[in-house]
Amino acid sequence: MRIIDFNRPAVAGNETRYITDVIESRRLSGNGDFTRKCHAWFEERLACKRALLTPSCTDALEMASILTDIGPGDEVIMPSYTFVSTANAFVLRGAKIVFVDIRPDTMNIDETLIENALTDKTRAIVPVHYAGVGCEMETILRIASENGLYVVEDAAQGMMATYRGRPLGTLGHLGTYSFHETKNYTSGGEGGLLIVNDQRFSERAEIIREKGTDRSLFLRGMVDKYTWVDKGSSFLPGELSAAYLYAQLEKAEEILEKRMRLWRIYRHSLSSLRDKGWIELPHIPAECNHNAHMFYIKTDSSKTRSRLIRHLRNRGIEAVFHYIPLHSSKAGQRFGRFSGEDRFTTRESERLLRLPLFYDLSEDGVERVCDEIKDFYVRNR
Ligand SMILES: *Cc1c(COP(=O)(O)O)cnc(C)c1O
C-alpha cells in the first residue's frame, strides 16, 4: 500500500547547491549574502519597509510584541483558534489575551465581534489568516485606527496570498510569516520573517534582532562602532537557513501553482459529497486570493471525524485535525479570557479535518484521498 503522508517539505531544486556554497564560503552566521538576497526578494515583492528573516515565526511574533511595547496590564485581541505562539509572544511581555470567536466560513476572527471586546487596556489586534485566507482586514484596520491600536498580522500560513490585491502580512503595522517545514515554503525546517510596514519600527526592529545593538547600522557604515542601545535578543537565523529558503523563493510561483492545482482537484472531486450535505468545504471570500496552504473538510461531528481519520489511516493516508482552542487550555485560562460567547470556535474546530497537501503530492494521490473519503461516506450512509 502506498503511503500518503500529511506533509512533506518542498525541495525546489537549488537547496543543496546553495547550502554547499555557504559551507565553502566559511561564512555561516546571520546577515550574509543569502540573508540579504532573501530580504531583497521580500522587500521588493511585498513593497514593505523592512523584511527580516528570523529563526521562526514565533520569534517574529515576539519581536512584534517587543516593538509595540506591549506590557503588563495591556490586552491583546486574537482568535482562540490559533497556534500557541500567537498568544505566547504577548503573554511573555505580561499582556492579557482576549479571545474573540471565529467566523465559521473562514475560521478567521469574526471582525464584527472585535469592537465588543475592546476595553481601555486594549493595545493590539492580532488577526490570524487561517489557511492563507485573509481576515476581513478592511474592518479590522478601521477599528484599529479609530481606537489607536496596533495590528500585528499572524500570516504564518499566508505567504503568496492576498487580500484586495495586497499581500497578507503587509496590511497591519507588522506582519509575520513562518518557514516551518509544514508551511508552503521552508528555510530548512524552521524559520520565519518579520514584515515591517510602519516605518517607525524599521530601525528598532534591526536593533532588537541584533541583541539590542546597532550592529546592522554599523555594518552599513551608518555608525562608526556598535554598542548596546536598546533591549533585544538574538533573532537572526544562520546563513544555511537563508540558503535553503532562497532556493524556494526562486520557485515561489511554481510551488504556488502546483499547490493550487491540487487544492482545486480536492474541491472539485469532493463537491459531490458537499452537495449531498455530508461534508463542508472551505470558503474563499471574493476579496481573497489564497495560497492553497491547506485543504480541509468539515464533518458533521467530531465523532465522524475520528472515524474518518481511522478509515484513512487504515488505507495509508494521514489526515489530521488542527488547533485545540487556546481558551480551553490550561495556559489559555490563566493568561486569557474569552470575550462573549464561544459559538463557533469549539464547535467548528472539532469538525475540521486537514487533508494531505504538499508540493510533491501527485494529482493521482489527491484523487486517491478523495476516493477513500467517498468510500467512507458510501459505507456509512
Ligand atoms: C506555524 C504557525 C506559527 C508558528 O510558526 P513557527 O515558524 O513554527 O514558529 C504561528 N502562527 C500560526 C498561525 C502558524 O500556523
# chains A, B, ... in the order shown; residues from 1 in each chain; ligands from 1
>>> residues_around(residues="region 253-257 of chain A", least_positions_apart="2", cutoff="8 Å", atoms="only C-alpha atoms", output="ChimeraX atom specification")
/A:12,160,184,251,259-261,291-292,359
>>> residues_near_ligand(ligand="ligand 1", cutoff="7 Å", atoms="only C-alpha atoms and all ligand atoms", output="JSON, numbers by chain")
{"A": [56, 57, 58, 59, 82, 83, 85, 86, 128, 130, 154, 155, 156, 157, 178, 179, 180, 183, 190, 191, 192]}
>>> select_by_dssp(residues="region 137-356 of chain A", states="helix (DSSP H, G or I)", output="ChimeraX atom specification")
/A:137-147,199-209,215-219,239-250,252-275,302-314,326-328,330-335,345-349
>>> residues_around(residues="Asn7 (chain A)", least_positions_apart="5", cutoff="12 Å", atoms="only C-alpha atoms", output="PyMOL selection string")
chain A and resi 180-184+293-295+317-320+354-361
>>> write_last_selection(atoms="N, CA and C atoms", output="PDB file, in the first residue's frame")
ATOM      1  N   HIS A 180       8.450  27.178   8.704  1.00  0.00           N
ATOM      2  CA  HIS A 180       8.486  25.829   9.278  1.00  0.00           C
ATOM      3  C   HIS A 180       8.218  24.822   8.158  1.00  0.00           C
ATOM      4  N   GLU A 181       8.688  23.616   8.311  1.00  0.00           N
ATOM      5  CA  GLU A 181       8.580  22.671   7.189  1.00  0.00           C
ATOM      6  C   GLU A 181       7.147  22.293   6.849  1.00  0.00           C
ATOM      7  N   THR A 182       6.198  22.605   7.705  1.00  0.00           N
ATOM      8  CA  THR A 182       4.800  22.324   7.378  1.00  0.00           C
ATOM      9  C   THR A 182       4.152  23.460   6.581  1.00  0.00           C
ATOM     10  N   LYS A 183       4.854  24.555   6.382  1.00  0.00           N
ATOM     11  CA  LYS A 183       4.272  25.669   5.634  1.00  0.00           C
ATOM     12  C   LYS A 183       4.617  25.551   4.133  1.00  0.00           C
ATOM     13  N   ASN A 184       4.093  26.446   3.314  1.00  0.00           N
ATOM     14  CA  ASN A 184       4.268  26.307   1.864  1.00  0.00           C
ATOM     15  C   ASN A 184       5.728  26.435   1.436  1.00  0.00           C
ATOM     16  N   HIS A 293      -2.579  26.839   1.146  1.00  0.00           N
ATOM     17  CA  HIS A 293      -1.781  26.319   2.256  1.00  0.00           C
ATOM     18  C   HIS A 293      -2.389  25.023   2.785  1.00  0.00           C
ATOM     19  N   MET A 294      -3.710  24.957   2.730  1.00  0.00           N
ATOM     20  CA  MET A 294      -4.379  23.845   3.399  1.00  0.00           C
ATOM     21  C   MET A 294      -5.646  23.472   2.644  1.00  0.00           C
ATOM     22  N   PHE A 295      -5.945  22.174   2.583  1.00  0.00           N
ATOM     23  CA  PHE A 295      -7.293  21.790   2.176  1.00  0.00           C
ATOM     24  C   PHE A 295      -7.923  21.052   3.339  1.00  0.00           C
ATOM     25  N   ILE A 317      -3.377   6.720   4.519  1.00  0.00           N
ATOM     26  CA  ILE A 317      -3.485   8.164   4.287  1.00  0.00           C
ATOM     27  C   ILE A 317      -3.527   8.888   5.626  1.00  0.00           C
ATOM     28  N   GLU A 318      -2.643   9.869   5.763  1.00  0.00           N
ATOM     29  CA  GLU A 318      -2.557  10.592   7.027  1.00  0.00           C
ATOM     30  C   GLU A 318      -3.326  11.917   6.927  1.00  0.00           C
ATOM     31  N   ALA A 319      -4.435  12.001   7.654  1.00  0.00           N
ATOM     32  CA  ALA A 319      -5.202  13.245   7.716  1.00  0.00           C
ATOM     33  C   ALA A 319      -5.239  13.659   9.189  1.00  0.00           C
ATOM     34  N   VAL A 320      -5.195  14.946   9.448  1.00  0.00           N
ATOM     35  CA  VAL A 320      -5.024  15.392  10.844  1.00  0.00           C
ATOM     36  C   VAL A 320      -5.990  16.528  11.182  1.00  0.00           C
ATOM     37  N   ARG A 354      -7.859  18.197   8.169  1.00  0.00           N
ATOM     38  CA  ARG A 354      -6.917  18.643   7.128  1.00  0.00           C
ATOM     39  C   ARG A 354      -6.440  17.438   6.332  1.00  0.00           C
ATOM     40  N   LEU A 355      -6.461  17.594   5.011  1.00  0.00           N
ATOM     41  CA  LEU A 355      -6.070  16.504   4.116  1.00  0.00           C
ATOM     42  C   LEU A 355      -4.648  16.729   3.601  1.00  0.00           C
ATOM     43  N   PRO A 356      -3.965  15.656   3.170  1.00  0.00           N
ATOM     44  CA  PRO A 356      -2.594  15.805   2.674  1.00  0.00           C
ATOM     45  C   PRO A 356      -2.517  16.849   1.559  1.00  0.00           C
ATOM     46  N   LEU A 357      -1.542  17.741   1.643  1.00  0.00           N
ATOM     47  CA  LEU A 357      -1.337  18.742   0.586  1.00  0.00           C
ATOM     48  C   LEU A 357       0.089  19.241   0.682  1.00  0.00           C
ATOM     49  N   PHE A 358       0.877  18.893  -0.312  1.00  0.00           N
ATOM     50  CA  PHE A 358       2.268  19.357  -0.349  1.00  0.00           C
ATOM     51  C   PHE A 358       2.759  19.342  -1.782  1.00  0.00           C
ATOM     52  N   TYR A 359       3.869  20.003  -2.010  1.00  0.00           N
ATOM     53  CA  TYR A 359       4.389  20.254  -3.358  1.00  0.00           C
ATOM     54  C   TYR A 359       4.601  18.974  -4.166  1.00  0.00           C
ATOM     55  N   ASP A 360       5.131  17.936  -3.511  1.00  0.00           N
ATOM     56  CA  ASP A 360       5.440  16.675  -4.205  1.00  0.00           C
ATOM     57  C   ASP A 360       4.241  15.774  -4.423  1.00  0.00           C
ATOM     58  N   LEU A 361       3.131  16.085  -3.816  1.00  0.00           N
ATOM     59  CA  LEU A 361       1.959  15.200  -3.915  1.00  0.00           C
ATOM     60  C   LEU A 361       1.481  15.185  -5.365  1.00  0.00           C
TER      61      LEU A 361
END
>>> atom_distance(atom1="CA of Arg334 (chain A)", atom2="CA of Glu111 (chain A)")
24.5 Å
>>> closest_residue(among="A:Glu75, A:Pro55, A:Tyr296, A:Asp120", to="Thr176 (chain A)", atoms="only C-alpha atoms")
A:Pro55
>>> closest_residue(among="A:Ile208, A:Ala247, A:Leu193, A:Ile3", to="His39 (chain A)", atoms="only C-alpha atoms")
A:Leu193
>>> residues_around(residues="region 364-369 of chain A", least_positions_apart="2", cutoff="9 Å", atoms="only C-alpha atoms", output="list in words")
Ile4, Leu262, Trp263, Ile265, Tyr266, Ser269, Leu312, Ile317, Leu355, Pro356, Leu357, Leu361, Ser362, Asp371, Glu372, Ile373 and Lys374 of chain A
>>> write_last_selection(atoms="C-alpha atoms", output="PDB file, in the first residue's frame")
ATOM      1  CA  ILE A   4       0.350   9.304   1.595  1.00  0.00           C
ATOM      2  CA  LEU A 262      -4.036  20.092  -6.070  1.00  0.00           C
ATOM      3  CA  TRP A 263      -6.357  22.243  -3.964  1.00  0.00           C
ATOM      4  CA  ILE A 265      -8.791  18.920  -7.556  1.00  0.00           C
ATOM      5  CA  TYR A 266      -9.805  18.362  -3.934  1.00  0.00           C
ATOM      6  CA  SER A 269     -13.690  15.965  -6.514  1.00  0.00           C
ATOM      7  CA  LEU A 312      -7.978   6.909   6.044  1.00  0.00           C
ATOM      8  CA  ILE A 317      -3.485   8.164   4.287  1.00  0.00           C
ATOM      9  CA  LEU A 355      -6.070  16.504   4.116  1.00  0.00           C
ATOM     10  CA  PRO A 356      -2.594  15.805   2.674  1.00  0.00           C
ATOM     11  CA  LEU A 357      -1.337  18.742   0.586  1.00  0.00           C
ATOM     12  CA  LEU A 361       1.959  15.200  -3.915  1.00  0.00           C
ATOM     13  CA  SER A 362       0.667  13.918  -7.247  1.00  0.00           C
ATOM     14  CA  ASP A 371     -11.888   8.221  -3.440  1.00  0.00           C
ATOM     15  CA  GLU A 372     -11.221   6.906   0.065  1.00  0.00           C
ATOM     16  CA  ILE A 373     -13.294   9.705   1.617  1.00  0.00           C
ATOM     17  CA  LYS A 374     -16.147   8.921  -0.787  1.00  0.00           C
TER      18      LYS A 374
END
>>> closest_residue(among="A:Asp5, A:Cys370, A:Glu287, A:Gly71", to="His268 (chain A)", atoms="only C-alpha atoms")
A:Cys370
>>> atom_distance(atom1="CA of Asn380 (chain A)", atom2="CA of Thr345 (chain A)")
27.0 Å
>>> closest_residue(among="A:Ala243, A:Ala331, A:Ala286, A:Ala64", to="Asp33 (chain A)", atoms="only C-alpha atoms")
A:Ala243
>>> closest_atom_pairs(of="region 107-161 of chain A", to="region 99-103 of chain A", cutoff="7 Å", atoms="only C-alpha atoms", output="CSV")
residue,atom,partner,partner_atom,distance
A:Met107,CA,A:Arg103,CA,5.3
A:Asn108,CA,A:Ile102,CA,5.2
A:Ile109,CA,A:Ile102,CA,4.2
A:Asp110,CA,A:Ile102,CA,4.7
A:Leu113,CA,A:Val100,CA,6.8
A:Ile114,CA,A:Val100,CA,6.8
>>> select_by_dssp(residues="region 81-177 of chain A", states="strand (DSSP E)", output="number ranges by chain")
A: 96-100, 122-125, 150-154, 162-163, 166-167, 174-177
>>> closest_residue(among="A:Asn197, A:Ser234, A:Ser80, A:Thr20", to="Arg50 (chain A)", atoms="only C-alpha atoms")
A:Asn197
>>> residues_around(residues="Ala51 (chain A)", least_positions_apart="4", cutoff="12 Å", atoms="only C-alpha atoms", output="ChimeraX atom specification")
/A:35-47,60,169-170,174-177,192-199,201-203,205-206,209,236
>>> write_last_selection(atoms="N, CA, C and O atoms", output="short mmCIF file (atom, residue, chain, number, x, y, z; two decimals), in the first residue's frame")
data_model
loop_
_atom_site.label_atom_id
_atom_site.label_comp_id
_atom_site.auth_asym_id
_atom_site.auth_seq_id
_atom_site.Cartn_x
_atom_site.Cartn_y
_atom_site.Cartn_z
N THR A 35 21.02 35.77 3.21
CA THR A 35 20.03 36.53 4.00
C THR A 35 19.70 37.84 3.27
O THR A 35 18.53 38.20 3.15
N ARG A 36 20.72 38.51 2.77
CA ARG A 36 20.48 39.76 2.04
C ARG A 36 19.63 39.53 0.80
O ARG A 36 18.73 40.30 0.49
N LYS A 37 19.91 38.43 0.10
CA LYS A 37 19.11 38.12 -1.10
C LYS A 37 17.64 37.86 -0.74
O LYS A 37 16.73 38.29 -1.45
N CYS A 38 17.44 37.12 0.35
CA CYS A 38 16.06 36.86 0.79
C CYS A 38 15.38 38.17 1.19
O CYS A 38 14.22 38.42 0.81
N HIS A 39 16.07 39.01 1.94
CA HIS A 39 15.48 40.29 2.35
C HIS A 39 15.08 41.12 1.12
O HIS A 39 13.99 41.68 1.07
N ALA A 40 15.99 41.16 0.14
CA ALA A 40 15.70 41.97 -1.06
C ALA A 40 14.49 41.39 -1.80
O ALA A 40 13.63 42.14 -2.28
N TRP A 41 14.41 40.06 -1.87
CA TRP A 41 13.28 39.41 -2.57
C TRP A 41 11.97 39.82 -1.91
O TRP A 41 11.02 40.23 -2.58
N PHE A 42 11.92 39.73 -0.57
CA PHE A 42 10.68 40.06 0.14
C PHE A 42 10.38 41.55 0.07
O PHE A 42 9.24 41.96 -0.12
N GLU A 43 11.41 42.38 0.24
CA GLU A 43 11.14 43.83 0.25
C GLU A 43 10.61 44.29 -1.10
O GLU A 43 9.76 45.18 -1.18
N GLU A 44 11.08 43.66 -2.18
CA GLU A 44 10.57 44.03 -3.48
C GLU A 44 9.15 43.50 -3.69
O GLU A 44 8.25 44.24 -4.08
N ARG A 45 8.94 42.24 -3.38
CA ARG A 45 7.62 41.64 -3.63
C ARG A 45 6.54 42.19 -2.73
O ARG A 45 5.38 42.31 -3.13
N LEU A 46 6.90 42.46 -1.49
CA LEU A 46 5.90 42.90 -0.53
C LEU A 46 5.79 44.42 -0.49
O LEU A 46 4.85 44.96 0.10
N ALA A 47 6.75 45.12 -1.09
CA ALA A 47 6.81 46.58 -1.02
C ALA A 47 6.65 47.05 0.43
O ALA A 47 5.89 47.97 0.72
N ALA A 60 9.41 36.01 15.25
CA ALA A 60 8.93 37.24 14.60
C ALA A 60 7.77 37.84 15.40
O ALA A 60 7.68 39.07 15.57
N GLY A 169 0.14 40.05 5.48
CA GLY A 169 1.34 40.43 6.23
C GLY A 169 1.78 41.85 5.98
O GLY A 169 2.63 42.38 6.71
N THR A 170 1.21 42.50 4.93
CA THR A 170 1.62 43.87 4.62
C THR A 170 0.52 44.89 4.94
O THR A 170 0.65 46.06 4.62
N LEU A 174 2.70 45.50 11.48
CA LEU A 174 3.72 44.47 11.40
C LEU A 174 3.05 43.18 10.94
O LEU A 174 1.85 42.98 11.19
N GLY A 175 3.82 42.32 10.29
CA GLY A 175 3.28 41.01 9.87
C GLY A 175 4.35 39.95 10.04
O GLY A 175 5.54 40.27 10.14
N THR A 176 3.93 38.69 10.09
CA THR A 176 4.89 37.60 10.27
C THR A 176 4.57 36.44 9.35
O THR A 176 3.40 36.15 9.08
N TYR A 177 5.62 35.77 8.84
CA TYR A 177 5.49 34.53 8.08
C TYR A 177 6.23 33.42 8.82
O TYR A 177 7.16 33.71 9.57
N GLY A 192 11.37 32.03 9.91
CA GLY A 192 10.27 32.99 9.90
C GLY A 192 10.72 34.32 9.32
O GLY A 192 11.88 34.51 8.95
N LEU A 193 9.74 35.22 9.23
CA LEU A 193 10.01 36.55 8.68
C LEU A 193 9.21 37.57 9.46
O LEU A 193 8.03 37.34 9.76
N LEU A 194 9.85 38.68 9.81
CA LEU A 194 9.12 39.84 10.34
C LEU A 194 8.99 40.85 9.21
O LEU A 194 9.99 41.22 8.58
N ILE A 195 7.75 41.27 8.96
CA ILE A 195 7.48 42.26 7.93
C ILE A 195 7.15 43.58 8.61
O ILE A 195 6.21 43.66 9.41
N VAL A 196 7.95 44.58 8.33
CA VAL A 196 7.74 45.90 8.94
C VAL A 196 7.09 46.80 7.89
O VAL A 196 7.70 47.07 6.85
N ASN A 197 5.87 47.20 8.16
CA ASN A 197 5.14 48.05 7.22
C ASN A 197 5.11 49.51 7.67
O ASN A 197 4.92 50.40 6.87
N ASP A 198 5.27 49.73 8.96
CA ASP A 198 5.25 51.08 9.52
C ASP A 198 6.71 51.51 9.74
O ASP A 198 7.42 50.92 10.56
N GLN A 199 7.11 52.51 9.01
CA GLN A 199 8.50 52.99 9.01
C GLN A 199 9.04 53.22 10.43
O GLN A 199 10.22 53.00 10.69
N PHE A 201 9.04 51.49 12.90
CA PHE A 201 9.61 50.30 13.55
C PHE A 201 10.89 49.80 12.86
O PHE A 201 11.53 48.88 13.36
N SER A 202 11.25 50.38 11.72
CA SER A 202 12.30 49.79 10.88
C SER A 202 13.63 49.67 11.61
O SER A 202 14.21 48.59 11.70
N GLU A 203 14.13 50.80 12.11
CA GLU A 203 15.46 50.78 12.70
C GLU A 203 15.46 49.95 13.98
O GLU A 203 16.36 49.15 14.23
N ALA A 205 13.58 47.51 14.79
CA ALA A 205 13.47 46.07 14.51
C ALA A 205 14.84 45.46 14.30
O ALA A 205 15.14 44.37 14.80
N GLU A 206 15.70 46.16 13.58
CA GLU A 206 17.06 45.64 13.35
C GLU A 206 17.85 45.58 14.66
O GLU A 206 18.64 44.66 14.87
N ARG A 209 16.64 42.67 16.85
CA ARG A 209 17.06 41.41 16.25
C ARG A 209 18.55 41.14 16.48
O ARG A 209 19.00 40.00 16.50
N LEU A 236 18.29 36.43 14.74
CA LEU A 236 18.67 36.23 13.34
C LEU A 236 19.12 34.79 13.11
O LEU A 236 19.82 34.21 13.91
#
>>> closest_residue(among="A:Leu352, A:Met78, A:Leu245, A:Leu326", to="Thr54 (chain A)", atoms="only C-alpha atoms")
A:Leu245
